[in-house]
Number of protein chains: 2
Amino acid sequence: MTLPLHPVSAVGALADALRRRVLSGEIPPGTTLPEQELSALYGVARPTVREALAVLVHEGLLRRERHRSAQVAEVTAADLDDLMFVRRPLEELMATSLAGRRVGEADAALARMAALPADAPWSEAVAEHMALHQALVVAVGSPRLERLYGMLAAETRLGLVRLRAVYSDRHVLVAEHRDLLDAIGRGPGEAAREAVAAHLDHGWGDH
Amino acid sequence: MTLPLHPVSAVGALADALRRRVLSGEIPPGTTLPEQELSALYGVARPTVREALAVLVHEGLLRRERHRSAQVAEVTAADLDDLMFVRRPLEELMATSLAGRRVGEADAALARMAALPADAPWSEAVAEHMALHQALVVAVGSPRLERLYGMLAAETRLGLVRLRAVYSDRHVLVAEHRDLLDAIGRGPGEAAREAVAAHLDHGWGDH
DNA sequence: ATTGTCTAGTTGTCATACAATCTGCCTACA
DNA sequence: TGTAGGCAGATTGTATGACAACTAGACAAT
């Protein structure tokens with residue numbers, strides 16, 4: 001078995017940097033991102049920029065039309081509804097096929113989230129939240145499920161900023177996910193599925 | 001309402017051409033596709049080739065590692081299992097949310113499939129089959145479901161060649177899909193979901 | 001048999017250039 | 001005054017050429 005280590009390519013690094021800036025809100029929705037500007041800013045060639053932008057477009061973070069600069073996507077209420085609409089069956093699939101197992105990585109993420117100081121920025125809680133869900137998906141062991149979920153992950157995270165109000169008390173966020181992991185670990189599949197459904201329902205419907 | 005006409009870009013056209021050749025089996029799995037060669041063959045610049053390859057990689061038709069030529073993906077039995085694993089919840093979602101509606105486009109595709117002459121190549125039946133499922137997904141009206149399904153569609157089609165034996169009698173294929181569309185059109189959601197589950201089960205499990 | 005080295009081929013990235021196209025503004029005309 | 005037409009600037013789509021980085025395979029040395 002070979003251990004995978006990924007030497008980061010220029011496009012990967014650039015995509016990461018942009019993704020971070022968009023998700024942190026540093027670059028607000030609607031902002032245009034001319035290729036030339038990015039090329040000069042990061043000191044890379046324009047083809048490299050183009051590839052990085054293509055990655056983010058595939059993730060749903062950016063939108064692009066012919067002969068228009070790429071734009072940071074605006075996440076509307078309708079987009080959030082649609083996101084939930086497709087996330088639900090995937091998360092349910094995850095929960096049922098994981099039922100009866102405890103996922104160490106997810107537990108670890110939950111522990112980190114619970115240990116965050118009270119004044120830690122919301123973005124850190126969001127990051128651990130994503131790590132938790134990501135760990136669950138990876139644990140299923142389906143490369144395609146992982147790919148599909150990855151496509152939705154960035155958009156989900158972008159939309160999560162809006163849910164900040166719902167989870168004003170961070171303990172609720174922690175408790176809710178502890179319940180979720182417990183339900184999955186305990187099994188059976190049906191209970192796990194209901195738990196994930198309940199999880200998705202909360203903080204939805206109003207936004 | 002503006003009619004959408006798609007001015008095909010060079011990368012789009014190239015991606016289409018390659019996709020067609022791969023799906024038709026003209027380029028068998030495992031074949032390497034050096035960028036330089038494609039660039040010369042189609043008379044386009046290498047960056048254009050790179051972008052087109054990236055599209056097909058995202059669709060799962062090609063695989064690429066660092067500093068290696070792109071390769072036509074081999075679809076193993078495990079891949080087919082995994083594909084079915086993630087397709088099931090998405091198709092079920094489609095069926096339940098479409099329950100009670102008849103989708104004209106899907107009916108049309110079925111009619112075209114039924115009208116194919118007995119000696120028509122299998123690839124045409126496959127094409128109509130894909131068009132039928134695509135029409136159903138589009139009818140749901142969820143852009144994200146459409147995107148996710150699109151990612152799986154190419155791979156599904158690549159794997160469908162293996163199922164040729166299962167559907168040696170084409171009437172079975174037609175009848176099965178007619179049942180599916182009827183179940184969806186009749187509703188309720190539960191029945192539609194069972195129909196799609198039954199559809200996916202057939203021709204699976206053995207490959 | 002293992003390791004070091006070399007070579008050929010391919011990709012990753014860069015720099016530059018030009019054509020196609022969109023946008024906004026400005027002008028001419030009704 | 002308002003609208004259509006056209007021009008200039010900006011930006012993308014694509015092409016060309018080049019070089020560095022990397023992989024793989026062969027071969028020599030230990």
# chains A, B, ... in the order shown; residues from 1 in each chain; ligands from 1

$ interface_residues --of "chain C" --to "chain B" --cutoff "10 Å" --atoms "only C-alpha atoms (C1' of nucleotides)" --output "list of chain:residue names"
C:DT10, C:DT11, C:DG12

$ write_last_selection --atoms "N, CA and C atoms (P, O5', C5', C4', C3', O3' and C1' of nucleotides)" --output "CSV table (one decimal), in the first residue's frame"
chain,number,residue,atom,x,y,z
C,10,DT,P,5.5,11.2,-25.7
C,10,DT,O5',4.9,11.9,-24.4
C,10,DT,C5',4.7,11.1,-23.2
C,10,DT,C4',4.3,12.1,-22.1
C,10,DT,C3',3.4,13.2,-22.5
C,10,DT,O3',2.2,13.1,-21.8
C,10,DT,C1',5.3,14.0,-21.2
C,11,DT,P,1.1,14.3,-21.9
C,11,DT,O5',1.3,15.1,-20.6
C,11,DT,C5',1.3,14.4,-19.3
C,11,DT,C4',1.9,15.3,-18.2
C,11,DT,C3',1.0,16.5,-17.9
C,11,DT,O3',0.9,16.6,-16.5
C,11,DT,C1',3.2,17.2,-18.4
C,12,DG,P,0.0,17.8,-15.9
C,12,DG,O5',1.0,18.9,-15.5
C,12,DG,C5',1.8,18.8,-14.3
C,12,DG,C4',2.5,20.1,-14.0
C,12,DG,C3',1.5,21.3,-13.9
C,12,DG,O3',1.9,22.1,-12.8
C,12,DG,C1',3.2,21.7,-15.5

$ residues_around --residues "range 13-30 of chain B" --least-positions-apart "6" --cutoff "7 Å" --atoms "only C-alpha atoms (C1' of nucleotides)" --output "ChimeraX atom specification"
/B:52-53,55-56,71-74,158

$ closest_atom_pairs --of "chain D" --to "chain A" --cutoff "8 Å" --atoms "only C-alpha atoms (C1' of nucleotides)" --output "CSV"
residue,atom,partner,partner_atom,distance
D:DT11,C1',A:His67,CA,6.8
D:DT12,C1',A:His67,CA,4.6
D:DG13,C1',A:His67,CA,7.8

$ interface_residues --of "chain A" --to "chain B" --cutoff "8 Å" --atoms "only C-alpha atoms" --output "count of residues only"
13

$ residues_around --residues "DT16 in chain C" --least-positions-apart "4" --cutoff "12 Å" --atoms "only C-alpha atoms (C1' of nucleotides)" --output "ChimeraX atom specification"
/A:45-46 /D:15-18

$ write_last_selection --atoms "N, CA and C atoms (P, O5', C5', C4', C3', O3' and C1' of nucleotides)" --output "CSV table (one decimal), in the first residue's frame"
chain,number,residue,atom,x,y,z
A,45,ALA,N,0.8,32.5,-14.1
A,45,ALA,CA,0.3,32.8,-15.5
A,45,ALA,C,-1.2,32.7,-15.6
A,46,ARG,N,-1.7,33.3,-16.6
A,46,ARG,CA,-3.2,33.3,-16.8
A,46,ARG,C,-3.8,31.9,-17.0
D,15,DA,P,-7.1,27.0,-30.6
D,15,DA,O5',-5.7,27.8,-30.8
D,15,DA,C5',-5.8,28.9,-31.8
D,15,DA,C4',-4.4,29.5,-31.9
D,15,DA,C3',-3.2,28.4,-32.0
D,15,DA,O3',-2.5,28.7,-33.2
D,15,DA,C1',-2.8,30.0,-30.3
D,16,DT,P,-1.4,27.7,-33.7
D,16,DT,O5',0.0,28.2,-33.0
D,16,DT,C5',0.3,29.6,-33.2
D,16,DT,C4',1.6,29.9,-32.4
D,16,DT,C3',2.7,28.8,-32.4
D,16,DT,O3',3.8,29.3,-33.0
D,16,DT,C1',2.3,29.7,-30.2
D,17,DG,P,5.0,28.3,-33.4
D,17,DG,O5',6.0,28.5,-32.1
D,17,DG,C5',6.2,29.8,-31.7
D,17,DG,C4',7.0,29.8,-30.3
D,17,DG,C3',8.0,28.7,-30.2
D,17,DG,O3',9.2,29.2,-29.8
D,17,DG,C1',6.6,28.8,-28.3
D,18,DA,P,10.6,28.4,-29.8
D,18,DA,O5',10.9,28.3,-28.3
D,18,DA,C5',10.7,29.5,-27.5
D,18,DA,C4',10.6,29.1,-26.0
D,18,DA,C3',11.6,28.0,-25.6
D,18,DA,O3',12.6,28.7,-24.8
D,18,DA,C1',9.4,27.8,-24.6

$ select_by_dssp --residues "chain B" --states "strand (DSSP E or B)" --output "list in words"
Thr32, Leu33, Leu62, Arg63, Ala70, Gln71 and Val72 of chain B

$ select_by_dssp --residues "range 3-205 of chain A" --states "alpha helix (DSSP H)" --output "MDAnalysis selection string"
chainID A and resid 10:23 35:42 46:58 77:98 104:115 122:140 143:160 170:186 189:201

$ residues_around --residues "range 114-120 of chain A" --least-positions-apart "4" --cutoff "8 Å" --atoms "only C-alpha atoms (C1' of nucleotides)" --output "list in words"
Leu110, Glu124, Ala125, His171 and Val174 of chain A

$ write_last_selection --atoms "C-alpha atoms" --output "PDB file, in the first residue's frame"
ATOM      1  CA  LEU A 110     -16.769  16.879  17.295  1.00  0.00           C
ATOM      2  CA  GLU A 124     -13.698  27.751  13.047  1.00  0.00           C
ATOM      3  CA  ALA A 125     -16.847  26.077  14.210  1.00  0.00           C
ATOM      4  CA  HIS A 171     -23.745  24.244  22.437  1.00  0.00           C
ATOM      5  CA  VAL A 174     -22.375  20.479  19.365  1.00  0.00           C
TER       6      VAL A 174
END

$ residues_around --residues "DC6 in chain C" --least-positions-apart "6" --cutoff "12 Å" --atoms "only C-alpha atoms (C1' of nucleotides)" --output "PyMOL selection string"
chain D and resi 25-28

$ atom_distance --atom1 "C1' of DG2 in chain D" --atom2 "C1' of DT27 in chain C"
13.1 Å

$ decode --residues "range 19-30 of chain D" --atoms "N, CA and C atoms (P, O5', C5', C4', C3', O3' and C1' of nucleotides)" --output "mmCIF file, in the first residue's frame"
data_model
loop_
_atom_site.group_PDB
_atom_site.id
_atom_site.type_symbol
_atom_site.label_atom_id
_atom_site.label_comp_id
_atom_site.auth_asym_id
_atom_site.auth_seq_id
_atom_site.Cartn_x
_atom_site.Cartn_y
_atom_site.Cartn_z
ATOM 1 P P DC D 19 13.988 27.866 -24.553
ATOM 2 O "O5'" DC D 19 13.780 27.382 -23.049
ATOM 3 C "C5'" DC D 19 13.365 28.329 -22.078
ATOM 4 C "C4'" DC D 19 12.822 27.618 -20.856
ATOM 5 C "C3'" DC D 19 13.717 26.484 -20.329
ATOM 6 O "O3'" DC D 19 13.902 26.672 -18.939
ATOM 7 C "C1'" DC D 19 11.480 25.762 -20.503
ATOM 8 P P DA D 20 15.081 25.856 -18.211
ATOM 9 O "O5'" DA D 20 14.319 25.365 -16.897
ATOM 10 C "C5'" DA D 20 13.400 26.251 -16.263
ATOM 11 C "C4'" DA D 20 12.402 25.457 -15.444
ATOM 12 C "C3'" DA D 20 13.020 24.352 -14.602
ATOM 13 O "O3'" DA D 20 12.366 24.315 -13.332
ATOM 14 C "C1'" DA D 20 11.426 23.401 -16.063
ATOM 15 P P DA D 21 12.895 23.352 -12.191
ATOM 16 O "O5'" DA D 21 11.814 22.185 -12.201
ATOM 17 C "C5'" DA D 21 10.442 22.525 -12.042
ATOM 18 C "C4'" DA D 21 9.612 21.258 -12.058
ATOM 19 C "C3'" DA D 21 10.204 20.107 -11.240
ATOM 20 O "O3'" DA D 21 9.174 19.484 -10.489
ATOM 21 C "C1'" DA D 21 9.844 19.406 -13.474
ATOM 22 P P DC D 22 9.566 18.417 -9.363
ATOM 23 O "O5'" DC D 22 9.065 17.068 -10.025
ATOM 24 C "C5'" DC D 22 7.789 17.049 -10.665
ATOM 25 C "C4'" DC D 22 7.703 15.895 -11.620
ATOM 26 C "C3'" DC D 22 8.243 14.580 -11.066
ATOM 27 O "O3'" DC D 22 7.124 13.743 -10.739
ATOM 28 C "C1'" DC D 22 8.807 14.923 -13.368
ATOM 29 P P DT D 23 7.371 12.289 -10.079
ATOM 30 O "O5'" DT D 23 7.298 11.307 -11.319
ATOM 31 C "C5'" DT D 23 6.199 11.401 -12.217
ATOM 32 C "C4'" DT D 23 6.354 10.395 -13.342
ATOM 33 C "C3'" DT D 23 6.818 9.011 -12.876
ATOM 34 O "O3'" DT D 23 5.927 8.020 -13.374
ATOM 35 C "C1'" DT D 23 8.224 9.829 -14.631
ATOM 36 P P DA D 24 6.101 6.502 -12.954
ATOM 37 O "O5'" DA D 24 6.876 5.941 -14.240
ATOM 38 C "C5'" DA D 24 6.455 6.374 -15.516
ATOM 39 C "C4'" DA D 24 7.314 5.717 -16.587
ATOM 40 C "C3'" DA D 24 7.779 4.309 -16.234
ATOM 41 O "O3'" DA D 24 7.715 3.485 -17.397
ATOM 42 C "C1'" DA D 24 9.665 5.682 -16.602
ATOM 43 P P DG D 25 7.772 1.898 -17.238
ATOM 44 O "O5'" DG D 25 9.078 1.490 -18.040
ATOM 45 C "C5'" DG D 25 9.314 2.056 -19.321
ATOM 46 C "C4'" DG D 25 10.797 2.070 -19.613
ATOM 47 C "C3'" DG D 25 11.517 0.751 -19.295
ATOM 48 O "O3'" DG D 25 12.051 0.203 -20.491
ATOM 49 C "C1'" DG D 25 12.727 2.637 -18.460
ATOM 50 P P DA D 26 12.895 -1.166 -20.443
ATOM 51 O "O5'" DA D 26 14.389 -0.647 -20.615
ATOM 52 C "C5'" DA D 26 14.667 0.331 -21.614
ATOM 53 C "C4'" DA D 26 16.121 0.752 -21.527
ATOM 54 C "C3'" DA D 26 17.100 -0.410 -21.350
ATOM 55 O "O3'" DA D 26 18.224 -0.227 -22.209
ATOM 56 C "C1'" DA D 26 17.364 1.148 -19.574
ATOM 57 P P DC D 27 19.276 -1.434 -22.384
ATOM 58 O "O5'" DC D 27 20.522 -0.894 -21.545
ATOM 59 C "C5'" DC D 27 20.921 0.464 -21.682
ATOM 60 C "C4'" DC D 27 21.884 0.821 -20.559
ATOM 61 C "C3'" DC D 27 22.893 -0.277 -20.198
ATOM 62 O "O3'" DC D 27 24.202 0.242 -20.250
ATOM 63 C "C1'" DC D 27 21.867 0.589 -18.256
ATOM 64 P P DA D 28 25.440 -0.771 -20.147
ATOM 65 O "O5'" DA D 28 26.225 -0.172 -18.905
ATOM 66 C "C5'" DA D 28 26.521 1.211 -18.861
ATOM 67 C "C4'" DA D 28 26.866 1.661 -17.446
ATOM 68 C "C3'" DA D 28 27.981 0.848 -16.785
ATOM 69 O "O3'" DA D 28 28.864 1.735 -16.088
ATOM 70 C "C1'" DA D 28 26.038 0.727 -15.455
ATOM 71 P P DA D 29 30.233 1.179 -15.520
ATOM 72 O "O5'" DA D 29 29.960 1.183 -13.951
ATOM 73 C "C5'" DA D 29 29.541 2.398 -13.328
ATOM 74 C "C4'" DA D 29 29.229 2.141 -11.862
ATOM 75 C "C3'" DA D 29 30.276 1.303 -11.136
ATOM 76 O "O3'" DA D 29 30.575 1.913 -9.878
ATOM 77 C "C1'" DA D 29 28.136 0.332 -10.871
ATOM 78 P P DT D 30 31.898 1.439 -9.074
ATOM 79 O "O5'" DT D 30 31.267 0.820 -7.753
ATOM 80 C "C5'" DT D 30 30.306 1.585 -7.008
ATOM 81 C "C4'" DT D 30 29.435 0.650 -6.172
ATOM 82 C "C3'" DT D 30 30.232 -0.312 -5.288
ATOM 83 O "O3'" DT D 30 30.133 0.097 -3.932
ATOM 84 C "C1'" DT D 30 28.339 -1.358 -6.340
#
